[in-house]
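A.B. asks: Next comes structure-v7.csv, CSV, C-alpha atoms and all ligand atoms:
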chain,number,residue,atom,x,y,z
A,631,MET,CA,69.0,32.0,40.5
A,632,ILE,CA,72.6,31.4,39.8
A,633,PHE,CA,74.8,30.8,42.8
A,634,GLY,CA,78.5,31.0,43.2
A,635,PHE,CA,79.6,34.2,41.6
A,636,THR,CA,81.3,35.5,44.8
A,637,GLY,CA,82.7,34.4,48.1
A,638,HIS,CA,81.2,31.6,50.2
A,639,PRO,CA,78.9,29.8,47.6
A,640,ILE,CA,82.0,29.3,45.3
A,641,LYS,CA,83.6,27.1,48.0
A,642,ILE,CA,80.5,25.1,48.5
A,643,ILE,CA,79.5,24.3,45.0
A,644,ILE,CA,82.9,23.9,43.4
A,645,PRO,CA,84.5,21.1,45.5
A,646,PHE,CA,87.1,20.4,42.8
A,647,ALA,CA,88.5,24.0,42.9
A,648,ALA,CA,91.1,23.3,45.7
A,649,PRO,CA,92.4,20.0,44.2
A,650,LEU,CA,92.7,21.8,40.9
A,651,GLN,CA,94.9,24.4,42.5
A,652,THR,CA,97.2,21.9,44.1
A,653,LYS,CA,97.4,19.5,41.1
A,654,ILE,CA,98.2,22.0,38.4
A,655,GLY,CA,99.8,24.7,40.4
A,656,LYS,CA,98.5,28.2,40.3
A,657,VAL,CA,95.4,28.5,38.2
A,658,PRO,CA,94.5,32.0,37.3
A,659,GLU,CA,91.5,33.5,39.2
A,660,TYR,CA,89.6,34.4,36.0
A,661,LEU,CA,89.8,30.8,34.8
A,662,ILE,CA,88.3,29.5,38.0
A,663,ARG,CA,85.6,32.0,37.7
A,664,ILE,CA,84.7,30.9,34.2
A,665,ILE,CA,84.6,27.3,35.2
A,666,ILE,CA,82.4,28.2,38.1
A,667,LEU,CA,80.1,30.2,35.8
A,668,LEU,CA,79.8,27.3,33.4
A,669,TYR,CA,79.2,24.8,36.2
A,670,ASN,CA,76.5,27.0,37.7
A,671,LEU,CA,74.8,27.5,34.3
A,672,VAL,CA,74.6,23.7,33.9
A,673,LEU,CA,73.2,23.5,37.4
A,674,TYR,CA,70.6,26.2,36.7
A,675,ASN,CA,69.3,24.6,33.5
A,676,PHE,CA,69.1,21.2,35.3
A,677,ASN,CA,67.0,22.8,38.1
A,678,GLN,CA,64.8,24.6,35.6
A,679,LYS,CA,64.1,21.3,33.8
A,680,PHE,CA,63.5,19.0,36.8
A,681,ASN,CA,62.3,21.5,39.4
A,682,PRO,CA,60.3,24.1,37.5
A,683,PRO,CA,59.3,27.2,39.4
A,684,MET,CA,56.1,26.7,41.5
A,685,LYS,CA,53.0,27.6,39.5
A,686,LYS,CA,51.4,30.8,40.7
A,687,PRO,CA,48.3,30.4,42.8
A,688,ALA,CA,45.0,31.6,41.3
A,689,PHE,CA,43.6,34.8,42.7
A,690,CYS,CA,40.0,33.9,41.8
A,691,GLY,CA,38.7,31.8,44.7
A,692,MET,CA,40.8,33.5,47.4
A,693,THR,CA,39.1,35.1,50.3
A,694,LEU,CA,40.1,38.4,51.8
A,695,LYS,CA,41.6,36.6,54.8
A,696,GLU,CA,43.7,34.4,52.5
A,697,VAL,CA,45.1,37.4,50.6
A,698,GLU,CA,45.8,39.2,53.9
A,699,TYR,CA,47.6,36.1,55.1
A,700,HIS,CA,49.6,36.0,51.9
A,701,PHE,CA,50.9,39.5,52.4
A,702,ARG,CA,51.3,39.3,56.2
A,703,GLY,CA,54.5,41.0,57.6
A,704,ARG,CA,55.3,42.7,54.3
A,705,GLY,CA,54.0,46.2,55.3
A,706,VAL,CA,51.1,46.2,52.9
A,707,LYS,CA,48.2,48.3,54.2
A,708,GLN,CA,45.0,46.3,54.9
A,709,ASP,CA,43.0,49.0,53.1
A,710,HIS,CA,45.0,48.4,49.9
A,711,ILE,CA,44.4,44.6,50.1
A,712,ILE,CA,40.7,45.2,50.5
A,713,LYS,CA,40.7,47.5,47.5
A,714,ALA,CA,42.6,44.9,45.4
A,715,VAL,CA,40.2,42.1,46.3
A,716,THR,CA,37.1,44.3,45.8
A,717,SER,CA,38.3,45.5,42.4
A,718,PHE,CA,38.8,41.9,41.3
A,719,TYR,CA,35.5,40.4,42.4
A,720,ARG,CA,33.0,43.3,42.5
A,721,LYS,CA,34.4,45.7,39.9
A,722,GLY,CA,35.6,43.1,37.5
A,723,VAL,CA,39.2,44.4,37.2
A,724,HIS,CA,41.1,41.2,36.5
A,725,ASP,CA,44.3,42.7,35.3
A,726,PHE,CA,46.2,43.6,38.5
A,727,SER,CA,48.1,46.4,36.7
A,728,LEU,CA,44.8,48.3,36.0
A,729,MET,CA,43.6,48.3,39.6
A,730,SER,CA,43.0,51.8,41.0
A,731,TYR,CA,43.9,53.2,44.3
A,732,ILE,CA,46.5,50.7,45.2
A,733,PRO,CA,50.3,51.3,45.1
A,734,LYS,CA,52.4,50.3,42.2
A,735,SER,CA,54.4,48.0,44.4
A,736,LEU,CA,51.3,46.0,45.4
A,737,LYS,CA,50.2,45.8,41.7
A,738,ARG,CA,53.7,44.4,40.8
A,739,ASP,CA,53.6,41.9,43.7
A,740,LEU,CA,50.1,40.7,42.7
A,741,GLU,CA,51.3,40.2,39.1
A,742,ASN,CA,54.4,38.4,40.2
A,743,GLU,CA,52.8,36.2,42.7
A,744,PHE,CA,49.3,35.3,41.3
A,745,TRP,CA,47.6,34.6,38.1
A,746,PRO,CA,43.9,35.8,37.8
A,747,GLY,CA,42.6,32.3,37.7
A,748,LEU,CA,39.9,33.0,35.1
A,749,THR,CA,39.0,30.6,32.3
A,750,LEU,CA,36.6,31.4,29.5
A,751,PRO,CA,34.1,28.9,28.2
A,752,VAL,CA,35.3,26.6,25.4
A,753,ARG,CA,31.8,26.1,24.1
A,754,SER,CA,28.6,28.1,24.4
A,755,GLU,CA,25.0,27.4,23.2
A,756,GLU,CA,22.1,29.8,23.2
A,757,SER,CA,18.5,28.8,23.8
A,758,VAL,CA,15.5,30.3,22.0
A,759,ASP,CA,14.3,31.6,25.4
A,760,GLY,CA,17.5,33.7,25.9
A,761,SER,CA,19.3,31.5,28.3
A,762,SER,CA,22.7,30.1,27.4
A,763,LYS,CA,24.8,27.2,28.4
A,764,HIS,CA,28.6,27.3,28.7
A,765,LEU,CA,31.2,24.6,29.0
A,766,PHE,CA,34.4,25.2,30.9
A,767,ILE,CA,37.5,22.9,30.8
A,768,PHE,CA,40.0,23.4,33.6
A,769,GLU,CA,43.7,22.7,33.6
A,770,GLU,CA,43.5,19.4,35.4
A,771,GLY,CA,41.0,18.1,32.8
A,772,THR,CA,37.9,18.6,34.9
A,773,MET,CA,35.0,20.3,33.2
A,774,SER,CA,31.8,22.0,34.3
A,775,GLU,CA,28.8,23.6,32.7
A,776,ALA,CA,27.1,26.9,33.8
A,777,VAL,CA,23.8,28.3,32.5
A,778,ALA,CA,23.2,32.0,32.3
A,779,ILE,CA,19.5,33.0,32.6
A,780,PRO,CA,18.7,36.7,31.9
A,781,ASP,CA,15.2,37.7,33.0
A,782,ASP,CA,13.7,41.2,33.2
A,783,GLY,CA,16.9,43.0,34.1
A,784,ARG,CA,18.0,40.2,36.4
A,785,MET,CA,20.7,37.7,35.7
A,786,THR,CA,20.8,34.3,37.3
A,787,VAL,CA,23.8,32.0,36.8
A,788,CYS,CA,23.3,28.3,37.5
A,789,VAL,CA,26.7,26.9,38.5
A,790,SER,CA,28.2,23.4,38.8
A,791,SER,CA,30.0,22.4,42.0
A,792,GLN,CA,31.6,19.2,40.7
A,793,SER,CA,32.8,17.8,37.4
A,794,GLY,CA,30.2,15.0,37.0
A,795,CYS,CA,28.5,13.6,40.1
A,796,ARG,CA,28.8,10.5,42.4
A,797,MET,CA,25.2,10.5,43.7
A,798,GLY,CA,24.2,8.1,40.9
A,799,CYS,CA,20.6,9.3,40.4
A,800,PRO,CA,19.5,7.1,37.4
A,801,PHE,CA,17.4,9.7,35.6
A,802,CYS,CA,20.2,12.3,35.6
A,803,LEU,CA,22.5,12.8,32.7
A,804,THR,CA,25.2,14.3,34.9
A,805,GLY,CA,25.0,11.3,37.2
A,806,ARG,CA,25.4,9.0,34.2
A,807,SER,CA,28.4,10.9,32.9
A,808,GLY,CA,30.5,9.8,35.9
A,809,PHE,CA,32.6,11.8,38.4
A,810,SER,CA,36.0,13.3,37.7
A,811,GLY,CA,36.4,15.6,40.7
A,812,ASN,CA,35.3,18.5,42.9
A,813,LEU,CA,35.5,22.0,41.6
A,814,SER,CA,37.4,24.5,43.7
A,815,ALA,CA,35.8,27.7,45.0
A,816,GLY,CA,37.8,29.5,42.3
A,817,GLN,CA,36.4,27.3,39.6
A,818,ILE,CA,32.8,27.9,40.9
A,819,ILE,CA,33.3,31.7,41.1
A,820,ASN,CA,34.9,31.6,37.6
A,821,GLN,CA,31.6,30.4,36.2
A,822,VAL,CA,29.8,33.4,37.6
A,823,LEU,CA,32.5,35.9,36.4
A,824,SER,CA,33.1,34.3,33.0
A,825,VAL,CA,29.6,33.7,31.6
A,826,PRO,CA,28.7,36.3,29.1
A,827,GLY,CA,25.4,38.1,29.7
A,828,PRO,CA,23.6,41.4,29.2
A,829,ASN,CA,23.3,42.1,33.0
A,830,LYS,CA,25.5,41.8,36.1
A,831,THR,CA,24.8,38.5,37.9
A,832,ASP,CA,22.6,39.1,40.9
A,833,HIS,CA,21.3,35.6,41.5
A,834,VAL,CA,23.3,32.3,41.7
A,835,VAL,CA,21.8,28.8,42.0
A,836,PHE,CA,23.9,25.7,42.6
A,837,MET,CA,21.8,23.5,40.4
A,838,GLY,CA,24.4,22.6,37.7
A,839,MET,CA,26.5,19.5,37.6
A,840,GLY,CA,27.2,17.8,40.9
A,841,GLU,CA,25.9,17.6,44.4
A,842,PRO,CA,27.0,20.8,46.1
A,843,LEU,CA,26.9,19.3,49.6
A,844,ASP,CA,29.2,16.5,48.5
A,845,ASN,CA,31.8,19.3,48.1
A,846,PRO,CA,30.9,21.4,51.2
A,847,ASP,CA,34.3,23.1,51.8
A,848,GLU,CA,34.6,24.7,48.4
A,849,VAL,CA,30.8,25.4,48.1
A,850,LEU,CA,30.8,27.2,51.5
A,851,LYS,CA,33.9,29.2,50.5
A,852,ALA,CA,32.3,30.1,47.1
A,853,CYS,CA,29.2,31.3,49.0
A,854,GLU,CA,31.4,33.5,51.2
A,855,ILE,CA,33.0,35.1,48.2
A,856,LEU,CA,29.6,35.6,46.5
A,857,THR,CA,28.0,37.2,49.5
A,858,SER,CA,30.8,39.2,51.1
A,859,GLY,CA,31.1,43.0,50.8
A,860,TRP,CA,34.7,42.5,49.5
A,861,GLY,CA,33.4,39.8,47.1
A,862,LEU,CA,30.6,39.9,44.7
A,863,ALA,CA,28.3,41.4,47.3
A,864,ILE,CA,25.2,39.3,46.2
A,865,SER,CA,22.5,39.0,48.8
A,866,PRO,CA,22.5,35.5,50.4
A,867,ARG,CA,18.7,35.6,49.8
A,868,ASN,CA,19.6,35.5,46.1
A,869,ILE,CA,21.8,32.4,46.3
A,870,THR,CA,20.3,29.0,46.5
A,871,VAL,CA,22.1,25.7,47.0
A,872,SER,CA,20.2,22.6,45.7
A,873,THR,CA,20.8,19.2,47.2
A,874,VAL,CA,19.4,15.7,47.0
A,875,GLY,CA,20.2,15.5,50.7
A,876,ILE,CA,23.3,14.6,52.7
A,877,THR,CA,22.2,15.1,56.2
A,878,PRO,CA,25.5,15.9,58.0
A,879,THR,CA,26.5,18.6,55.4
A,880,ILE,CA,23.0,20.1,55.2
A,881,LYS,CA,23.4,20.7,59.0
A,882,ARG,CA,26.8,22.3,58.4
A,883,PHE,CA,25.5,24.4,55.5
A,884,LEU,CA,22.6,25.7,57.6
A,885,ASP,CA,24.9,26.6,60.4
A,886,GLU,CA,27.8,28.2,58.4
A,887,SER,CA,25.9,30.0,55.6
A,888,ASP,CA,23.0,32.4,55.3
A,889,CYS,CA,22.1,31.3,51.7
A,890,ASN,CA,18.9,29.5,50.7
A,891,LEU,CA,18.7,25.7,50.6
A,892,THR,CA,16.4,23.6,48.4
A,893,LEU,CA,15.9,19.8,48.8
A,894,SER,CA,15.1,17.8,45.6
A,895,LEU,CA,12.3,15.6,46.7
A,896,TYR,CA,10.9,13.8,43.6
A,897,SER,CA,8.5,11.7,45.8
A,898,PRO,CA,7.3,12.1,49.4
A,899,PHE,CA,7.4,8.3,49.8
A,900,ALA,CA,10.8,6.8,50.9
A,901,ASP,CA,10.5,3.6,48.8
A,902,GLU,CA,9.7,5.6,45.6
A,903,ARG,CA,12.3,8.2,46.3
A,904,LYS,CA,15.0,5.6,46.8
A,905,ALA,CA,14.5,4.4,43.2
A,906,VAL,CA,15.2,7.9,41.9
A,907,VAL,CA,17.6,9.3,44.5
A,908,PRO,CA,19.9,6.7,45.9
A,909,ALA,CA,21.0,9.1,48.7
A,910,GLU,CA,17.6,8.4,50.3
A,911,LYS,CA,18.9,5.1,51.6
A,912,ASN,CA,21.4,6.8,53.9
A,913,TYR,CA,19.8,10.1,54.4
A,914,PRO,CA,15.9,9.9,54.4
A,915,ALA,CA,14.2,13.0,53.2
A,916,GLU,CA,11.8,12.9,56.1
A,917,GLU,CA,14.7,13.3,58.5
A,918,ILE,CA,16.0,16.2,56.5
A,919,VAL,CA,12.6,17.9,56.4
A,920,GLU,CA,12.5,17.5,60.2
A,921,MET,CA,15.9,19.2,60.5
A,922,MET,CA,14.8,22.0,58.2
A,923,ARG,CA,11.6,22.4,60.2
A,924,ASN,CA,13.5,22.8,63.5
A,925,PHE,CA,16.3,25.1,62.2
A,926,PRO,CA,15.8,28.6,63.5
A,927,LEU,CA,15.6,30.7,60.3
A,928,LYS,CA,17.0,34.2,60.0
A,929,ARG,CA,14.6,36.7,58.4
A,930,LYS,CA,14.1,36.1,54.7
A,931,ARG,CA,16.3,33.0,54.5
A,932,ARG,CA,14.4,30.5,52.4
A,933,LEU,CA,14.3,26.7,52.8
A,934,SER,CA,12.4,24.9,50.0
A,935,VAL,CA,11.6,21.6,48.4
A,936,ALA,CA,11.9,21.1,44.6
A,937,TYR,CA,9.2,18.8,43.3
A,938,VAL,CA,9.8,17.8,39.7
A,939,MET,CA,6.4,16.5,38.4
A,940,ILE,CA,6.2,13.5,36.2
A,941,ASN,CA,3.0,12.5,34.6
A,942,GLY,CA,1.4,9.4,36.2
A,943,ILE,CA,4.5,8.8,38.5
A,944,ASN,CA,4.4,11.4,41.3
A,945,ASP,CA,1.4,13.6,40.6
A,946,SER,CA,-1.5,11.5,42.1
A,947,ALA,CA,-3.9,12.5,44.9
A,948,ARG,CA,-1.9,10.2,47.2
A,949,HIS,CA,1.3,12.1,46.5
A,950,LEU,CA,-0.4,15.4,47.0
A,951,GLU,CA,-1.9,14.3,50.4
A,952,ARG,CA,1.5,13.0,51.6
A,953,LEU,CA,3.2,16.2,50.5
A,954,ILE,CA,0.7,18.3,52.5
A,955,THR,CA,1.1,16.1,55.6
A,956,LEU,CA,4.9,16.3,55.4
A,957,LEU,CA,5.2,20.0,54.9
A,958,ARG,CA,2.1,21.6,56.5
A,959,THR,CA,3.6,22.7,59.8
A,960,THR,CA,6.9,23.9,58.3
A,961,SER,CA,7.9,27.1,56.7
A,962,ILE,CA,9.3,25.1,53.8
A,963,ARG,CA,8.2,26.3,50.4
A,964,VAL,CA,7.4,23.9,47.5
A,965,ASN,CA,8.6,24.7,44.0
A,966,LEU,CA,6.8,22.6,41.5
A,967,LEU,CA,8.8,22.0,38.3
A,968,PRO,CA,7.9,20.4,35.0
A,969,TYR,CA,9.9,17.2,34.2
A,970,HIS,CA,12.2,17.3,31.3
A,971,LYS,CA,12.6,14.1,29.2
A,972,VAL,CA,16.1,12.8,28.7
A,973,PRO,CA,17.0,10.8,25.5
A,974,GLY,CA,15.5,7.3,25.5
A,975,ASP,CA,13.0,8.3,28.3
A,976,ILE,CA,9.4,7.2,28.3
A,977,ASN,CA,8.3,9.6,31.1
A,978,GLU,CA,6.4,12.8,30.4
A,979,PRO,CA,6.0,16.0,32.4
A,980,SER,CA,2.7,16.4,34.3
A,981,PRO,CA,0.1,18.5,32.4
A,982,PRO,CA,0.0,22.2,33.4
A,983,ASP,CA,-3.5,21.7,34.8
A,984,THR,CA,-2.2,19.1,37.2
A,985,MET,CA,0.6,21.3,38.3
A,986,ALA,CA,-1.7,24.2,38.9
A,987,TYR,CA,-4.0,21.9,40.9
A,988,PHE,CA,-1.1,20.8,43.1
A,989,LYS,CA,-0.2,24.4,43.7
A,990,HIS,CA,-3.7,25.4,44.6
A,991,ALA,CA,-4.2,22.4,47.0
A,992,LEU,CA,-0.9,23.0,48.7
A,993,VAL,CA,-1.5,26.7,49.2
A,994,THR,CA,-5.1,26.2,50.5
A,995,SER,CA,-3.7,23.6,53.0
A,996,GLY,CA,-1.2,26.2,54.4
A,997,VAL,CA,1.9,25.1,52.4
A,998,SER,CA,3.6,27.9,50.5
A,999,ALA,CA,4.0,26.7,46.8
A,1000,SER,CA,4.7,28.0,43.3
A,1001,VAL,CA,4.9,26.6,39.8
A,1002,ARG,CA,8.3,27.3,38.2
A,1003,ARG,CA,9.0,27.3,34.6
A,1004,SER,CA,12.3,25.7,33.4
A,1005,ARG,CA,14.5,27.6,31.0
A,1006,GLY,CA,16.9,26.3,28.3
A,1007,ALA,CA,15.4,22.9,27.7
A,1008,ASP,CA,16.3,23.1,24.0
A,1009,ILE,CA,20.0,23.3,24.8
A,1010,SER,CA,19.9,20.7,27.5
A,1011,ALA,CA,20.3,23.3,30.2
A,1012,ALA,CA,17.2,22.5,32.3
A,1013,CYS,CA,17.2,20.5,35.5
A,1014,GLY,CA,18.8,17.1,35.1
A,1015,LEU,CA,19.9,17.8,31.6
A,1016,LEU,CA,23.4,19.2,32.1
A,1017,ALA,CA,26.3,17.1,30.8
A,1018,SER,CA,24.1,15.8,28.0
A,1019,GLY,CA,26.2,17.7,25.5
A,1020,LEU,CA,29.6,16.7,26.9
A,1021,ARG,CA,30.1,13.6,24.8
A,1022,PRO,CA,31.3,13.7,22.1
A,1023,LEU,CA,33.2,16.9,22.9
A,1024,THR,CA,34.4,19.3,20.4
A,1025,PHE,CA,36.5,22.4,21.3
A,1026,ASN,CA,36.2,25.9,19.9
A,1027,GLY,CA,39.3,27.3,18.2
B,1,LIG,S1,20.4,14.8,40.2
B,1,LIG,FE1,22.0,16.0,41.2
B,1,LIG,S2,22.8,14.6,42.8
B,1,LIG,FE2,21.6,13.3,41.4
B,1,LIG,S3,23.2,12.5,39.9
B,1,LIG,FE3,22.3,14.4,39.0
B,1,LIG,S4,23.7,16.1,39.6
B,1,LIG,FE4,24.1,14.3,41.0
Show me this structure written as structure tokens.
Ligand code: SF4
C.D. replies:
Amino acid sequence: MIFGFTGHPIKIIIPFAAPLQTKIGKVPEYLIRIIILLYNLVLYNFNQKFNPPMKKPAFCGMTLKEVEYHFRGRGVKQDHIIKAVTSFYRKGVHDFSLMSYIPKSLKRDLENEFWPGLTLPVRSEESVDGSSKHLFIFEEGTMSEAVAIPDDGRMTVCVSSQSGCRMGCPFCLTGRSGFSGNLSAGQIINQVLSVPGPNKTDHVVFMGMGEPLDNPDEVLKACEILTSGWGLAISPRNITVSTVGITPTIKRFLDESDCNLTLSLYSPFADERKAVVPAEKNYPAEEIVEMMRNFPLKRKRRLSVAYVMINGINDSARHLERLITLLRTTSIRVNLLPYHKVPGDINEPSPPDTMAYFKHALVTSGVSASVRRSRGADISAACGLLASGLRPLTFNG
């Protein structure tokens, strides 16, 4: 904006105008105006260079309440705001000018005041089993990976919640790649909206890079956007947050969300678990299981334990017996997963027979259990393998 073309601002920003008049007599009005114009143009360019206009906020990641708050007191109908937010998340209309059933003035304001906030993957790899892994780089240099898993008309997206991770689990490639920041709710939702796939996403799992409950504010906000009617309207029963266990934020997640929770156990013995999951030192799994046992569950909400089975490490009769003792009187389900080797690793997954035996023994002892297959191991997209392809990094295009 250029100040000083008329009246009051001229007097303020041209302090030398009056002395000019007295020193050299009557200066023509038009000359003063030209001087003012030049002065203001210099000022304008200086401001543009050193105080650039504020960057527009990203629309992706905003809740309905936040958009309503943005337009408060401006006479915009709530119904039109709901339509704009729903069009963006649920109908996939990310160009504000193409949104239906909202007035032109709101489309123009949305375009002027927001950018959509969507970032496409810079690199994608496809697995022989149909799943695909996608690398996103965000403006501030953080990165994340998401895995798209199509299956029988379903589409699951495994999202990252952090760029790297600070939990330091020694077996995990994400943990080894360091930590460069939390992802915002918008960056988490961006992964769901921007992964290519044959079907609309109807399941989301927080099992990518990072510990979701180390970033609870943004993860809870992302869950709200995923599950709300104005958002992606995915059932909370189809959203699972996976954690190695941070007791205070597990409690908060259970209270503030209806989504499922799964605890990565690795071993039912604290001393063994500590060696694989450093978080065990501060937040023992036994305490977390106790909290999950006592939490009053709403219908169909699922609390589970992920048990990655490693041959000769955590698949003995002793482990099985302890698992049964720990979980028998709870409604917690056990998901048995095959271990995936990481480079330089001497460990092997448990044989399928051992996994089937664990399942049988758990179920016959009253513990709900299933054997899960992992997808995308050939592109390092399986549990514990994300971030393996991040270095060295090459960009597309
Ligand atoms: S296993 Fe999960 S919590 Fe542990 S370092 Fe890897 S990403 Fe982080």
A.B. asks: I'd like to know which of A:Gly691, A:Pro780, A:Gly805, A:Pro878 is closest to ligand LIG 1 (chain B), using all atoms listed in the file.
C.D. replies: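 Looking at the shortest contact to ligand LIG 1 (chain B), the residue is A:Gly805.
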A.B. asks: Could you list, as a list of chain:residue names, every residue within 6 Å of stretch 959-970 of chain A, counting all atoms listed in the file and ignoring same-chain residues fewer than 4 positions away?
C.D. replies: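 Here the qualifying residues turn out to be A:Arg923, A:Leu933, A:Ser934, A:Val935, A:Ala936, A:Tyr937, A:Val938, A:Met939, A:Ile940, A:Pro979, A:Ser998, A:Ala999, A:Ser1000, A:Val1001, A:Arg1002.
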A.B. asks: For ligand LIG 1 (chain B), which residue out of A:Arg796, A:His990, A:His710, A:Arg720 is the nearest one, using only C-alpha atoms and all ligand atoms?
C.D. replies: A:Arg796
A.B. asks: With distances taken over only C-alpha atoms and all ligand atoms, which residue among A:Arg806, A:Arg958, A:Lys928, A:His949 lies nearest ligand LIG 1 (chain B)?
C.D. replies: A:Arg806
A.B. asks: So, counting only C-alpha atoms and all ligand atoms, which residue among A:Val906, A:Ala991, A:Ala778, A:Ala852 is closest to ligand LIG 1 (chain B)?
C.D. replies: A:Val906
A.B. asks: Rank A:Ser754, A:Asn742, A:Ser774, A:Ser735 by their smallest atom-to-atom distance to ligand LIG 1 (chain B), using all atoms listed in the file, and report the top residue only.
C.D. replies: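 With all atoms listed in the file as the atom set, the closest residue is A:Ser774.
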A.B. asks: Using only C-alpha atoms and all ligand atoms, which of the listed residues (A:Ala900, A:Val919, A:Leu895, A:Ile943) sits closest to ligand LIG 1 (chain B)?
C.D. replies: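 Once distances to ligand LIG 1 (chain B) are computed over only C-alpha atoms and all ligand atoms, the minimum belongs to A:Leu895.
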A.B. asks: Using only C-alpha atoms and all ligand atoms, find each residue in chain A having at least one atom no more than 6 Å away from ligand LIG 1 (chain B); report its shortest atom-to-atom pair and that distance in Å (one decimal), rows by chain then rising number, as a tab-separated table.
C.D. replies:
residue	atom	partner	partner_atom	distance
A:Cys795	CA	B:LIG1	FE4	4.5
A:Met797	CA	B:LIG1	S3	4.7
A:Gly798	CA	B:LIG1	S3	4.6
A:Cys799	CA	B:LIG1	S3	4.2
A:Cys802	CA	B:LIG1	FE3	4.5
A:Thr804	CA	B:LIG1	FE3	5.0
A:Gly805	CA	B:LIG1	S3	3.5
A:Met839	CA	B:LIG1	S4	4.8
A:Gly840	CA	B:LIG1	S4	4.1
A:Glu841	CA	B:LIG1	S2	4.6
A:Val874	CA	B:LIG1	S2	5.5
A:Gly1014	CA	B:LIG1	S1	5.8
A.B. asks: Extract, using all atoms listed in the file, all DNA, RNA and protein residues at most 12 Å from stretch 695-703 of chain A, discarding same-chain residues fewer than 2 positions from it, and format them as a PDB file with C-alpha atoms, in the coordinates of the input.
C.D. replies:
ATOM      1  CA  PRO A 687      48.300  30.400  42.800  1.00  0.00           C
ATOM      2  CA  ALA A 688      45.000  31.600  41.300  1.00  0.00           C
ATOM      3  CA  PHE A 689      43.600  34.800  42.700  1.00  0.00           C
ATOM      4  CA  CYS A 690      40.000  33.900  41.800  1.00  0.00           C
ATOM      5  CA  GLY A 691      38.700  31.800  44.700  1.00  0.00           C
ATOM      6  CA  MET A 692      40.800  33.500  47.400  1.00  0.00           C
ATOM      7  CA  THR A 693      39.100  35.100  50.300  1.00  0.00           C
ATOM      8  CA  GLY A 705      54.000  46.200  55.300  1.00  0.00           C
ATOM      9  CA  VAL A 706      51.100  46.200  52.900  1.00  0.00           C
ATOM     10  CA  LYS A 707      48.200  48.300  54.200  1.00  0.00           C
ATOM     11  CA  GLN A 708      45.000  46.300  54.900  1.00  0.00           C
ATOM     12  CA  ASP A 709      43.000  49.000  53.100  1.00  0.00           C
ATOM     13  CA  HIS A 710      45.000  48.400  49.900  1.00  0.00           C
ATOM     14  CA  ILE A 711      44.400  44.600  50.100  1.00  0.00           C
ATOM     15  CA  ILE A 712      40.700  45.200  50.500  1.00  0.00           C
ATOM     16  CA  LYS A 713      40.700  47.500  47.500  1.00  0.00           C
ATOM     17  CA  ALA A 714      42.600  44.900  45.400  1.00  0.00           C
ATOM     18  CA  VAL A 715      40.200  42.100  46.300  1.00  0.00           C
ATOM     19  CA  THR A 716      37.100  44.300  45.800  1.00  0.00           C
ATOM     20  CA  LEU A 736      51.300  46.000  45.400  1.00  0.00           C
ATOM     21  CA  ASP A 739      53.600  41.900  43.700  1.00  0.00           C
ATOM     22  CA  LEU A 740      50.100  40.700  42.700  1.00  0.00           C
ATOM     23  CA  GLU A 743      52.800  36.200  42.700  1.00  0.00           C
ATOM     24  CA  PHE A 744      49.300  35.300  41.300  1.00  0.00           C
ATOM     25  CA  LYS A 851      33.900  29.200  50.500  1.00  0.00           C
ATOM     26  CA  GLU A 854      31.400  33.500  51.200  1.00  0.00           C
ATOM     27  CA  ILE A 855      33.000  35.100  48.200  1.00  0.00           C
ATOM     28  CA  SER A 858      30.800  39.200  51.100  1.00  0.00           C
ATOM     29  CA  TRP A 860      34.700  42.500  49.500  1.00  0.00           C
ATOM     30  CA  GLY A 861      33.400  39.800  47.100  1.00  0.00           C
TER      31      GLY A 861
END
A.B. asks: Quick one: distance from atom CA of A:Ile767 to atom CA of A:Lys830 in Å, one decimal?
C.D. replies: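 We find that atom CA of A:Ile767 and atom CA of A:Lys830 lie 23.0 Å from each other.
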A.B. asks: Report, in Å to a single decimal, how far apart atom CA of A:Leu813 and atom CA of A:Ser791 are.
C.D. replies: 5.5 Å
